[in-house]
file protein_28.txt (compact mmCIF, C-alpha atoms and all ligand atoms)
# COMPACT_ATOMS: atom_id res chain seq x y z
CA MET A 21 18.44 15.05 -18.43
CA PRO A 22 17.95 11.53 -16.99
CA LEU A 23 19.34 10.96 -13.53
CA HIS A 24 21.94 8.20 -14.01
CA LEU A 25 23.95 6.79 -11.15
CA ALA A 26 26.45 5.35 -13.59
CA GLY A 27 28.78 2.61 -12.42
CA THR A 28 26.97 2.09 -9.11
CA GLY A 29 24.55 -0.50 -10.50
CA VAL A 30 21.77 1.48 -8.75
CA ASN A 31 18.78 2.73 -10.68
CA VAL A 32 16.52 5.57 -9.63
CA ILE A 33 13.41 3.43 -9.25
CA SER A 34 15.24 0.96 -6.98
CA LEU A 35 16.66 3.87 -5.03
CA LEU A 36 13.14 5.29 -4.58
CA TRP A 37 11.81 1.97 -3.30
CA GLY A 38 14.86 1.56 -1.08
CA LEU A 39 14.25 5.01 0.45
CA LEU A 40 10.60 4.14 1.06
CA ASP A 41 11.71 0.88 2.75
CA VAL A 42 14.00 2.79 5.08
CA ALA A 43 11.40 5.52 5.72
CA PHE A 44 8.70 3.03 6.75
CA LEU A 45 11.10 0.93 8.85
CA PHE A 46 12.15 4.16 10.56
CA ALA A 47 8.48 5.16 11.08
CA LEU A 48 7.72 1.74 12.58
CA LEU A 49 10.65 1.95 15.01
CA LEU A 50 9.99 5.60 15.88
CA HIS A 51 6.35 4.88 16.63
CA GLN A 52 7.32 1.94 18.86
CA ALA A 53 9.93 3.99 20.72
CA GLY A 54 7.56 6.98 21.05
CA SER A 55 4.57 5.00 22.28
CA ARG A 56 6.70 3.37 25.01
CA ARG A 57 7.65 6.81 26.31
CA SER A 58 4.12 8.16 25.63
CA SER A 59 5.71 11.20 24.00
CA ARG A 60 3.49 14.25 23.61
CA ALA A 61 6.02 16.56 21.89
CA SER A 62 4.41 18.59 19.11
CA LEU A 63 6.80 17.26 16.44
CA PHE A 64 5.91 13.72 17.48
CA CYS A 65 2.24 14.69 17.21
CA VAL A 66 2.79 15.75 13.58
CA PHE A 67 4.59 12.46 12.95
CA GLU A 68 1.72 10.44 14.46
CA ASP A 69 -0.74 12.49 12.41
CA LEU A 70 1.18 11.52 9.27
CA ILE A 71 1.29 7.78 9.94
CA ARG A 72 -2.22 7.26 11.29
CA TYR A 73 -5.45 7.20 9.33
CA GLY A 74 -9.06 6.14 9.78
CA LYS A 75 -9.96 4.56 13.09
CA THR A 76 -6.39 4.65 14.46
CA LYS A 77 -6.50 8.48 14.26
CA LEU A 78 -9.68 8.80 16.29
CA GLY A 79 -8.20 9.00 19.79
CA LEU A 80 -5.21 11.14 18.78
CA GLN A 81 -4.95 14.55 20.50
CA ARG A 82 -4.27 16.89 17.58
CA PRO A 83 -3.75 20.65 17.41
CA ALA A 84 -6.57 22.31 15.44
CA TRP A 85 -4.33 23.38 12.54
CA LEU A 86 -3.62 19.73 11.68
CA HIS A 87 -7.29 19.24 10.81
CA CYS A 88 -6.72 21.45 7.71
CA PHE A 89 -4.90 18.50 6.13
CA ASP A 90 -7.70 15.98 6.68
CA VAL A 91 -9.42 14.42 3.70
CA PRO A 92 -12.11 11.72 3.99
CA LYS A 93 -10.87 8.15 4.18
CA ARG A 94 -13.52 7.16 1.65
CA TRP A 95 -11.26 8.89 -0.90
CA PHE A 96 -9.25 5.65 -0.79
CA SER A 97 -11.37 4.76 -3.83
CA HIS A 98 -9.47 7.44 -5.84
CA PHE A 99 -6.28 5.38 -5.49
CA TYR A 100 -7.97 2.46 -7.20
CA PHE A 101 -9.53 4.64 -9.90
CA VAL A 102 -6.01 5.79 -10.70
CA SER A 103 -4.68 2.23 -10.46
CA VAL A 104 -7.36 0.80 -12.77
CA ILE A 105 -6.97 3.54 -15.38
CA TRP A 106 -3.18 3.89 -15.30
CA ASN A 107 -2.31 0.20 -15.02
CA GLY A 108 -5.01 -0.54 -17.61
CA ILE A 109 -3.36 1.89 -20.05
CA LEU A 110 0.08 0.35 -19.40
CA LEU A 111 -1.27 -3.17 -19.85
CA TRP A 112 -3.01 -2.18 -23.07
CA LEU A 113 0.18 -0.60 -24.47
CA LEU A 114 2.25 -3.60 -23.44
CA LEU A 115 -0.13 -6.06 -25.11
CA GLN A 116 -0.28 -3.94 -28.27
CA SER A 117 3.50 -3.85 -28.40
CA LEU A 118 3.91 -7.58 -27.74
CA LEU A 119 1.14 -8.88 -29.97
CA LEU A 120 0.92 -6.28 -32.73
CA GLY A 121 4.45 -4.85 -32.67
CA PHE A 122 3.25 -1.30 -31.91
CA GLU A 123 5.86 1.10 -30.49
CA ILE A 124 5.67 2.07 -26.83
CA PRO A 125 4.85 5.84 -26.86
CA ALA A 126 7.90 8.08 -26.52
CA TRP A 127 6.59 9.80 -23.36
CA ILE A 128 6.43 6.47 -21.53
CA ARG A 129 9.88 5.46 -22.76
CA SER A 130 11.35 8.74 -21.57
CA TRP A 131 9.72 8.31 -18.12
CA LEU A 132 11.13 4.80 -17.88
CA HIS A 133 14.51 6.08 -18.97
CA PHE A 134 14.32 8.93 -16.46
CA LEU A 135 13.60 6.45 -13.69
CA ASN A 136 16.32 4.16 -15.11
CA CYS A 137 13.78 1.35 -15.30
CA ASP A 138 15.64 0.28 -18.42
CA MET A 139 18.57 -0.60 -16.13
CA GLN A 140 16.47 -3.11 -14.22
CA GLN A 141 17.61 -6.70 -14.03
CA GLN A 142 16.18 -8.55 -17.02
CA VAL A 143 14.99 -12.11 -16.60
CA PRO A 144 14.22 -14.61 -19.38
CA GLY A 145 10.56 -14.25 -20.34
CA GLY A 146 10.49 -10.83 -18.64
CA GLU A 147 7.79 -9.59 -21.04
CA LEU A 148 5.43 -12.38 -20.02
CA SER A 149 6.16 -11.70 -16.35
CA ALA A 150 5.42 -8.00 -16.88
CA VAL A 151 2.10 -8.83 -18.60
CA MET A 152 1.11 -11.25 -15.82
CA ALA A 153 2.15 -8.86 -13.05
CA LEU A 154 0.38 -5.88 -14.65
CA THR A 155 -2.73 -8.02 -15.18
CA LEU A 156 -2.68 -9.03 -11.50
CA LEU A 157 -2.18 -5.42 -10.40
CA TRP A 158 -5.03 -4.31 -12.62
CA VAL A 159 -7.35 -7.06 -11.31
CA HIS A 160 -6.28 -6.17 -7.76
CA GLY A 161 -7.13 -2.50 -8.48
CA VAL A 162 -10.55 -3.45 -9.87
CA ARG A 163 -11.24 -5.69 -6.88
CA ARG A 164 -10.23 -2.96 -4.40
CA LEU A 165 -12.25 -0.34 -6.28
CA MET A 166 -15.35 -2.55 -6.17
CA GLU A 167 -14.67 -3.20 -2.49
CA CYS A 168 -14.43 0.55 -1.78
CA LEU A 169 -17.56 1.34 -3.79
CA PHE A 170 -19.82 -1.57 -2.87
CA VAL A 171 -18.47 -3.36 0.23
CA SER A 172 -16.60 -1.03 2.59
CA VAL A 173 -18.79 1.17 4.73
CA PHE A 174 -16.58 4.13 5.62
CA SER A 175 -17.29 6.02 8.80
CA THR A 176 -16.14 9.61 9.29
CA GLY A 177 -12.46 8.58 9.39
CA VAL A 178 -9.87 10.78 7.70
CA ILE A 179 -6.47 10.50 6.05
CA HIS A 180 -3.74 13.13 5.85
CA LEU A 181 -3.43 15.07 2.58
CA VAL A 182 0.18 13.86 2.34
CA GLN A 183 -0.99 10.23 2.65
CA TYR A 184 -3.59 10.92 -0.03
CA CYS A 185 -1.03 12.35 -2.50
CA PHE A 186 1.39 9.56 -1.62
CA GLY A 187 -1.30 6.94 -2.36
CA LEU A 188 -2.01 8.46 -5.77
CA GLY A 189 1.72 8.56 -6.63
CA TYR A 190 2.16 5.01 -5.34
CA TYR A 191 -0.12 3.48 -7.96
CA LEU A 192 1.54 5.45 -10.76
CA LEU A 193 4.99 4.32 -9.65
CA ILE A 194 4.09 0.69 -9.07
CA GLY A 195 2.78 0.38 -12.66
CA LEU A 196 5.97 1.90 -14.07
CA THR A 197 8.07 -0.42 -11.88
CA VAL A 198 6.35 -3.44 -13.39
CA PHE A 199 6.39 -1.98 -16.89
CA GLY A 200 10.14 -1.54 -16.54
CA HIS A 201 10.52 -5.31 -16.82
CA TYR A 202 9.52 -5.05 -20.43
CA GLN A 203 12.65 -4.20 -22.41
CA LEU A 204 12.55 -1.57 -24.79
CA ASP A 205 -20.73 -8.87 4.59
CA SER A 206 -21.18 -6.75 1.37
CA ARG A 207 -23.06 -3.50 1.11
CA THR A 208 -26.15 -5.38 0.06
CA GLY A 209 -26.04 -7.02 3.51
CA LYS A 210 -27.42 -5.50 6.66
CA ILE A 211 -25.38 -2.77 8.35
CA VAL A 212 -25.68 -3.49 12.06
CA ASN A 213 -24.09 -0.22 13.21
CA MET A 214 -21.31 2.20 12.30
CA ASN A 215 -19.04 1.28 15.23
CA HIS A 216 -15.75 -0.58 15.03
CA ALA A 217 -16.16 -4.07 16.48
CA VAL A 218 -13.74 -6.89 17.27
CA PRO A 219 -13.36 -8.80 14.01
CA SER A 220 -13.39 -12.59 14.21
CA GLY A 221 -13.43 -15.70 12.06
CA ASP A 222 -10.91 -17.22 9.65
CA TRP A 223 -7.56 -15.43 9.66
CA PHE A 224 -8.93 -12.76 12.01
CA ASP A 225 -8.62 -15.32 14.82
CA ARG A 226 -4.86 -15.38 14.25
CA VAL A 227 -4.06 -11.74 13.51
CA SER A 228 -5.76 -8.36 13.86
CA CYS A 229 -5.18 -7.43 10.21
CA PRO A 230 -5.22 -10.45 7.91
CA HIS A 231 -6.15 -8.16 4.97
CA TYR A 232 -2.80 -6.37 5.39
CA PHE A 233 -1.05 -9.75 5.56
CA ALA A 234 -2.90 -10.84 2.39
CA GLU A 235 -1.73 -7.61 0.73
CA LEU A 236 1.85 -8.58 1.53
CA LEU A 237 1.28 -12.07 0.08
CA ILE A 238 -0.04 -10.53 -3.15
CA TYR A 239 3.23 -8.63 -3.60
CA VAL A 240 5.28 -11.72 -2.69
CA SER A 241 3.37 -13.73 -5.29
CA ILE A 242 4.27 -11.13 -7.92
CA ALA A 243 7.92 -11.53 -6.82
CA ILE A 244 7.53 -15.24 -7.64
CA ILE A 245 6.21 -14.32 -11.09
CA PHE A 246 9.38 -12.25 -11.60
CA GLY A 247 11.47 -15.36 -10.84
CA LEU A 248 12.31 -14.41 -7.22
CA TRP A 249 15.53 -12.59 -8.13
CA ASN A 250 14.28 -9.16 -9.09
CA MET A 251 15.89 -6.78 -6.64
CA THR A 252 13.67 -3.78 -7.46
CA TRP A 253 10.51 -5.78 -6.83
CA TRP A 254 11.85 -7.05 -3.51
CA LEU A 255 12.32 -3.41 -2.51
CA VAL A 256 8.62 -2.91 -3.30
CA VAL A 257 7.77 -5.99 -1.20
CA ILE A 258 9.85 -4.66 1.71
CA TYR A 259 8.05 -1.32 1.43
CA VAL A 260 4.66 -3.11 1.62
CA LEU A 261 5.97 -5.18 4.54
CA PHE A 262 6.93 -2.11 6.63
CA ASN A 263 4.00 0.03 5.51
CA GLN A 264 1.43 -2.66 6.31
CA ALA A 265 3.27 -3.69 9.50
CA LEU A 266 2.98 -0.10 10.74
CA ALA A 267 -0.71 0.11 9.82
CA ALA A 268 -1.34 -3.30 11.46
CA LEU A 269 0.51 -2.30 14.62
CA LEU A 270 -1.56 0.89 14.95
CA CYS A 271 -4.76 -1.08 14.36
CA HIS A 272 -3.70 -3.76 16.87
CA GLN A 273 -2.93 -1.12 19.51
CA PHE A 274 -6.26 0.55 18.75
CA TYR A 275 -8.11 -2.74 19.42
CA HIS A 276 -6.18 -3.35 22.66
CA GLU A 277 -6.97 0.16 23.90
CA LYS A 278 -10.62 0.02 22.88
CA PHE A 279 -11.59 -3.54 23.81
CA ASP A 280 -10.68 -4.85 27.29
CA SER A 281 -11.31 -8.45 26.34
CA TYR A 282 -9.33 -8.36 23.09
CA PRO A 283 -7.81 -11.85 22.52
CA VAL A 284 -4.30 -11.78 24.01
CA ASN A 285 -2.87 -14.46 21.71
CA ARG A 286 -3.84 -12.64 18.55
CA LYS A 287 -0.84 -11.14 16.72
CA ALA A 288 -0.99 -7.87 14.78
CA PHE A 289 0.11 -8.77 11.27
CA ILE A 290 1.89 -12.12 10.68
CA PRO A 291 0.35 -15.24 12.27
CA PHE A 292 2.37 -16.50 15.30
CA LEU A 293 5.17 -13.98 14.68
CA PHE A 294 4.27 -10.30 14.87
N1 LIG B 1 -0.09 -1.41 -0.62
C1 LIG B 1 -0.21 -0.40 0.21
O1 LIG B 1 0.70 0.42 0.36
C2 LIG B 1 -1.50 -0.23 0.99
C3 LIG B 1 -1.65 0.87 1.86
C4 LIG B 1 -2.85 1.00 2.57
C5 LIG B 1 -3.88 0.06 2.40
N2 LIG B 1 -3.70 -0.99 1.54
C6 LIG B 1 -4.76 -2.04 1.41
O2 LIG B 1 -6.03 -1.44 1.28
C7 LIG B 1 -7.00 -2.27 1.94
C8 LIG B 1 -7.85 -1.39 2.90
O3 LIG B 1 -6.97 -0.83 3.89
P1 LIG B 1 -7.54 0.01 5.11
O4 LIG B 1 -6.34 0.43 5.92
O5 LIG B 1 -8.50 1.04 4.62
O6 LIG B 1 -8.37 -1.12 5.93
P2 LIG B 1 -9.33 -0.91 7.18
O7 LIG B 1 -8.92 0.28 8.01
O8 LIG B 1 -9.42 -2.24 7.89
O9 LIG B 1 -10.75 -0.50 6.52
C9 LIG B 1 -11.47 -1.35 5.61
C10 LIG B 1 -12.99 -1.19 5.86
O10 LIG B 1 -13.35 -1.93 7.05
C11 LIG B 1 -13.91 -1.04 8.03
N3 LIG B 1 -13.39 -1.47 9.34
C12 LIG B 1 -12.07 -1.51 9.72
N4 LIG B 1 -11.98 -2.04 10.97
C13 LIG B 1 -13.24 -2.32 11.39
C14 LIG B 1 -13.80 -2.86 12.61
N5 LIG B 1 -13.02 -3.24 13.63
N6 LIG B 1 -15.15 -3.00 12.69
C15 LIG B 1 -15.95 -2.63 11.66
N7 LIG B 1 -15.49 -2.11 10.48
C16 LIG B 1 -14.15 -1.96 10.34
C17 LIG B 1 -13.42 0.36 7.64
O11 LIG B 1 -14.27 1.38 8.14
P3 LIG B 1 -13.60 2.76 8.65
O12 LIG B 1 -12.88 3.36 7.46
O13 LIG B 1 -14.75 3.56 9.09
O14 LIG B 1 -12.62 2.42 9.76
C18 LIG B 1 -13.45 0.26 6.11
O15 LIG B 1 -14.77 0.39 5.64
C19 LIG B 1 -6.25 -3.39 2.66
O16 LIG B 1 -6.38 -4.58 1.91
C20 LIG B 1 -4.82 -2.91 2.68
O17 LIG B 1 -3.92 -4.00 2.64
C21 LIG B 1 -2.55 -1.14 0.85
call {"tool": "encode", "arguments": {"input": "protein_28.txt", "output": "structure tokens"}}
result
Amino acid sequence: MPLHLAGTGVNVISLLWGLLDVAFLFALLLHQAGSRRSSRASLFCVFEDLIRYGKTKLGLQRPAWLHCFDVPKRWFSHFYFVSVIWNGILLWLLLQSLLLGFEIPAWIRSWLHFLNCDMQQQVPGGELSAVMALTLLWVHGVRRLMECLFVSVFSTGVIHLVQYCFGLGYYLLIGLTVFGHYQLDSRTGKIVNMNHAVPSGDWFDRVSCPHYFAELLIYVSIAIIFGLWNMTWWLVVIYVLFNQALAALLCHQFYHEKFDSYPVNRKAFIPFLF
């Protein structure tokens, strides 16, 4: 039975993104408040274990049982495998439906109906926007997959099992969110060492994590493709904003703790602002 919030104008997918927005804003604020008080409570430790990954987890004092939930950070590539395959299937089905008049399979329609994607705001030319956005997501997935396989050199960093499952679900949900708009130095270079260094050059001179900022811009550019007024997509953008702000803040703090001469004027995430 589909979960309708009739009369409220709210659809499940928007509600999900809205909850994620609030959860990541809350995590950002809680981390800030906790780090000021240097809290060591065990519940706070679990929270920090859930939000940190890779290098920002290295210095964290963790009870031994938390290590049971560690999976290698190099498994990030699985997210992009899922993204490439799933968003590729959705794009293929969308193109077949648009160009050849094929029906969207019933199982996808019932998922969209379950998530109330069919209640999403429709904009003129929404089909074209959905094709463009799905194409961009797919290309983004391919680019990230190639980056994980052939560019990134992962150290022994880990991610939490919950983060791993969340990442897999994220790429399934993001594809459906877009689909809902359709009405029914590379690795070939020399590795100097495996340590984390102070990055510099280009946008790195302005912020610690320009790649997170670029990620945000990608999602904002898709909002432009949707005509700027799609509320559900803005909820996705806000989620990426808080999620990447939290990751950037942790990374920024990691650099400040690790490197005494870290540039003081460099912001964490958004040039000149944050
Ligand atoms: N949309 C979303 O919700 C979402 C969520 C998470 C990530 N992402 C995107 O995924 C991409 C990768 O994210 P990430 O968090 O994995 O990035 P990251 O921590 O910066 O890692 C990327 C690569 O660079 C290496 N690295 C990081 N800092 C380094 C330093 N100071 N010196 C030398 N090597 C360093 C990492 O090695 P180690 O692994 O050994 O540190 C890894 O190989 C980003 O573009 C991000 O925006 C998106």
call {"tool": "closest_atom_pairs", "arguments": {"input": "protein_28.txt", "of": "chain A", "to": "ligand LIG 1 (chain B)", "cutoff": "6 Å", "atoms": "all atoms listed in the file", "output": "tab-separated table"}}
result
residue	atom	partner	partner_atom	distance
A:Gly74	CA	B:LIG1	O14	5.1
A:Lys75	CA	B:LIG1	O14	4.8
A:Ser172	CA	B:LIG1	O15	3.8
A:Val173	CA	B:LIG1	O15	4.2
A:Phe174	CA	B:LIG1	O13	4.0
A:Ser175	CA	B:LIG1	O13	3.5
A:Gly177	CA	B:LIG1	O13	5.5
A:His216	CA	B:LIG1	N6	3.4
A:Ala217	CA	B:LIG1	N6	4.1
A:Val218	CA	B:LIG1	N5	5.2
A:Pro219	CA	B:LIG1	N5	5.6
A:His231	CA	B:LIG1	O16	4.7
A:Tyr232	CA	B:LIG1	O17	3.8
A:Glu235	CA	B:LIG1	O17	4.6
A:Val260	CA	B:LIG1	O1	5.5
call {"tool": "atom_distance", "arguments": {"input": "protein_28.txt", "atom1": "CA of Phe224 in chain A", "atom2": "CA of Phe289 in chain A"}}
result
9.9 Å
call {"tool": "closest_residue", "arguments": {"input": "protein_28.txt", "among": "A:His272, A:His98, A:Arg129, A:Lys278", "to": "Tyr191 in chain A", "atoms": "all atoms listed in the file"}}
result
A:His98
call {"tool": "residues_near_point", "arguments": {"input": "protein_28.txt", "point": "(9.3, -8.4, -21.9)", "cutoff": "6 Å", "atoms": "all atoms listed in the file", "output": "list in words"}}
result
Gly146, Glu147, Leu148, Tyr202 and Gln203 of chain A
call {"tool": "closest_residue", "arguments": {"input": "protein_28.txt", "among": "A:Leu181, A:Ala53, A:Ala150, A:Leu80", "to": "Asn250 in chain A", "atoms": "only C-alpha atoms"}}
result
A:Ala150
call {"tool": "atom_distance", "arguments": {"input": "protein_28.txt", "atom1": "CA of Glu277 in chain A", "atom2": "CA of Trp95 in chain A"}}
result
26.6 Å
call {"tool": "closest_residue", "arguments": {"input": "protein_28.txt", "among": "A:Asn213, A:Val257, A:Gly200, A:Ile71", "to": "Ser130 in chain A", "atoms": "all atoms listed in the file"}}
result
A:Gly200
call {"tool": "residues_around", "arguments": {"input": "protein_28.txt", "residues": "range 263-271 of chain A", "least_positions_apart": "5", "cutoff": "12 Å", "atoms": "all atoms listed in the file", "output": "short mmCIF file (atom, residue, chain, number, x, y, z; two decimals) with C-alpha atoms, in the coordinates of the input"}}
result
data_model
loop_
_atom_site.label_atom_id
_atom_site.label_comp_id
_atom_site.auth_asym_id
_atom_site.auth_seq_id
_atom_site.Cartn_x
_atom_site.Cartn_y
_atom_site.Cartn_z
CA TRP A 37 11.81 1.97 -3.30
CA LEU A 40 10.60 4.14 1.06
CA ASP A 41 11.71 0.88 2.75
CA VAL A 42 14.00 2.79 5.08
CA ALA A 43 11.40 5.52 5.72
CA PHE A 44 8.70 3.03 6.75
CA LEU A 45 11.10 0.93 8.85
CA PHE A 46 12.15 4.16 10.56
CA ALA A 47 8.48 5.16 11.08
CA LEU A 48 7.72 1.74 12.58
CA LEU A 49 10.65 1.95 15.01
CA LEU A 50 9.99 5.60 15.88
CA HIS A 51 6.35 4.88 16.63
CA GLN A 52 7.32 1.94 18.86
CA SER A 55 4.57 5.00 22.28
CA GLU A 68 1.72 10.44 14.46
CA ASP A 69 -0.74 12.49 12.41
CA LEU A 70 1.18 11.52 9.27
CA ILE A 71 1.29 7.78 9.94
CA ARG A 72 -2.22 7.26 11.29
CA TYR A 73 -5.45 7.20 9.33
CA GLY A 74 -9.06 6.14 9.78
CA LYS A 75 -9.96 4.56 13.09
CA THR A 76 -6.39 4.65 14.46
CA LYS A 77 -6.50 8.48 14.26
CA LEU A 78 -9.68 8.80 16.29
CA GLY A 79 -8.20 9.00 19.79
CA LEU A 80 -5.21 11.14 18.78
CA GLN A 183 -0.99 10.23 2.65
CA GLY A 187 -1.30 6.94 -2.36
CA HIS A 216 -15.75 -0.58 15.03
CA ALA A 217 -16.16 -4.07 16.48
CA VAL A 218 -13.74 -6.89 17.27
CA PRO A 219 -13.36 -8.80 14.01
CA VAL A 227 -4.06 -11.74 13.51
CA SER A 228 -5.76 -8.36 13.86
CA CYS A 229 -5.18 -7.43 10.21
CA PRO A 230 -5.22 -10.45 7.91
CA HIS A 231 -6.15 -8.16 4.97
CA TYR A 232 -2.80 -6.37 5.39
CA PHE A 233 -1.05 -9.75 5.56
CA ALA A 234 -2.90 -10.84 2.39
CA GLU A 235 -1.73 -7.61 0.73
CA LEU A 236 1.85 -8.58 1.53
CA LEU A 237 1.28 -12.07 0.08
CA TYR A 239 3.23 -8.63 -3.60
CA VAL A 256 8.62 -2.91 -3.30
CA VAL A 257 7.77 -5.99 -1.20
CA ILE A 258 9.85 -4.66 1.71
CA HIS A 276 -6.18 -3.35 22.66
CA GLU A 277 -6.97 0.16 23.90
CA LYS A 278 -10.62 0.02 22.88
CA PHE A 279 -11.59 -3.54 23.81
CA ARG A 286 -3.84 -12.64 18.55
CA LYS A 287 -0.84 -11.14 16.72
CA ALA A 288 -0.99 -7.87 14.78
CA PHE A 289 0.11 -8.77 11.27
CA ILE A 290 1.89 -12.12 10.68
CA LEU A 293 5.17 -13.98 14.68
CA PHE A 294 4.27 -10.30 14.87
#
call {"tool": "closest_residue", "arguments": {"input": "protein_28.txt", "among": "A:Phe262, A:Leu248, A:Phe292, A:Val182", "to": "Arg226 in chain A", "atoms": "all atoms listed in the file"}}
result
A:Phe292
call {"tool": "atom_distance", "arguments": {"input": "protein_28.txt", "atom1": "CA of Ile242 in chain A", "atom2": "CA of Ala153 in chain A"}}
result
6.0 Å
call {"tool": "closest_residue", "arguments": {"input": "protein_28.txt", "among": "A:Val178, A:Val162, A:Leu36, A:Val240", "to": "Phe99 in chain A", "atoms": "all atoms listed in the file"}}
result
A:Val162
call {"tool": "residues_around", "arguments": {"input": "protein_28.txt", "residues": "Leu157 in chain A", "least_positions_apart": "2", "cutoff": "10 Å", "atoms": "only C-alpha atoms", "output": "short mmCIF file (atom, residue, chain, number, x, y, z; two decimals) with C-alpha atoms, keeping the file's coordinate frame"}}
result
data_model
loop_
_atom_site.label_atom_id
_atom_site.label_comp_id
_atom_site.auth_asym_id
_atom_site.auth_seq_id
_atom_site.Cartn_x
_atom_site.Cartn_y
_atom_site.Cartn_z
CA SER A 103 -4.68 2.23 -10.46
CA VAL A 104 -7.36 0.80 -12.77
CA ASN A 107 -2.31 0.20 -15.02
CA GLY A 108 -5.01 -0.54 -17.61
CA LEU A 111 -1.27 -3.17 -19.85
CA VAL A 151 2.10 -8.83 -18.60
CA MET A 152 1.11 -11.25 -15.82
CA ALA A 153 2.15 -8.86 -13.05
CA LEU A 154 0.38 -5.88 -14.65
CA THR A 155 -2.73 -8.02 -15.18
CA VAL A 159 -7.35 -7.06 -11.31
CA HIS A 160 -6.28 -6.17 -7.76
CA GLY A 161 -7.13 -2.50 -8.48
CA VAL A 162 -10.55 -3.45 -9.87
CA ARG A 163 -11.24 -5.69 -6.88
CA TYR A 191 -0.12 3.48 -7.96
CA ILE A 194 4.09 0.69 -9.07
CA GLY A 195 2.78 0.38 -12.66
CA VAL A 198 6.35 -3.44 -13.39
CA ILE A 238 -0.04 -10.53 -3.15
CA TYR A 239 3.23 -8.63 -3.60
CA ILE A 242 4.27 -11.13 -7.92
#
call {"tool": "closest_residue", "arguments": {"input": "protein_28.txt", "among": "A:Tyr259, A:Trp254, A:Phe170, A:Phe274", "to": "Arg94 in chain A", "atoms": "only C-alpha atoms"}}
result
A:Phe170
call {"tool": "decode", "arguments": {"input": "protein_28.txt", "residues": "range 164-180 of chain A", "atoms": "N, CA and C atoms", "output": "compact mmCIF listing (two decimals), in the first residue's frame"}}
result
# COMPACT_ATOMS: atom_id res chain seq x y z
N ARG A 164 33.71 9.17 -11.36
CA ARG A 164 34.13 8.83 -10.00
C ARG A 164 34.64 7.39 -9.91
N LEU A 165 33.99 6.50 -10.69
CA LEU A 165 34.44 5.10 -10.68
C LEU A 165 35.86 5.01 -11.24
N MET A 166 36.09 5.70 -12.36
CA MET A 166 37.44 5.70 -12.96
C MET A 166 38.45 6.28 -11.98
N GLU A 167 38.01 7.36 -11.29
CA GLU A 167 38.89 8.01 -10.33
C GLU A 167 39.26 7.03 -9.21
N CYS A 168 38.23 6.30 -8.70
CA CYS A 168 38.49 5.34 -7.62
C CYS A 168 39.40 4.22 -8.09
N LEU A 169 39.19 3.75 -9.34
CA LEU A 169 39.94 2.60 -9.82
C LEU A 169 41.35 2.96 -10.29
N PHE A 170 41.48 4.16 -10.91
CA PHE A 170 42.76 4.43 -11.57
C PHE A 170 43.50 5.67 -11.06
N VAL A 171 42.85 6.50 -10.23
CA VAL A 171 43.52 7.71 -9.77
C VAL A 171 43.77 7.68 -8.26
N SER A 172 42.69 7.51 -7.49
CA SER A 172 42.83 7.55 -6.03
C SER A 172 43.73 6.42 -5.54
N VAL A 173 44.62 6.76 -4.63
CA VAL A 173 45.46 5.73 -4.00
C VAL A 173 45.00 5.66 -2.55
N PHE A 174 44.19 4.66 -2.22
CA PHE A 174 43.61 4.58 -0.88
C PHE A 174 44.62 3.98 0.08
N SER A 175 44.73 4.63 1.24
CA SER A 175 45.58 4.05 2.28
C SER A 175 44.76 3.02 3.05
N THR A 176 45.05 2.84 4.32
CA THR A 176 44.33 1.79 5.07
C THR A 176 43.06 2.34 5.73
N GLY A 177 42.63 3.53 5.31
CA GLY A 177 41.45 4.16 5.91
C GLY A 177 40.21 3.28 5.83
N VAL A 178 39.29 3.53 6.77
CA VAL A 178 38.06 2.72 6.81
C VAL A 178 36.82 3.61 6.81
N ILE A 179 35.68 2.99 6.49
CA ILE A 179 34.38 3.66 6.67
C ILE A 179 33.51 2.73 7.52
N HIS A 180 32.51 3.32 8.15
CA HIS A 180 31.59 2.53 8.98
C HIS A 180 30.64 1.77 8.07
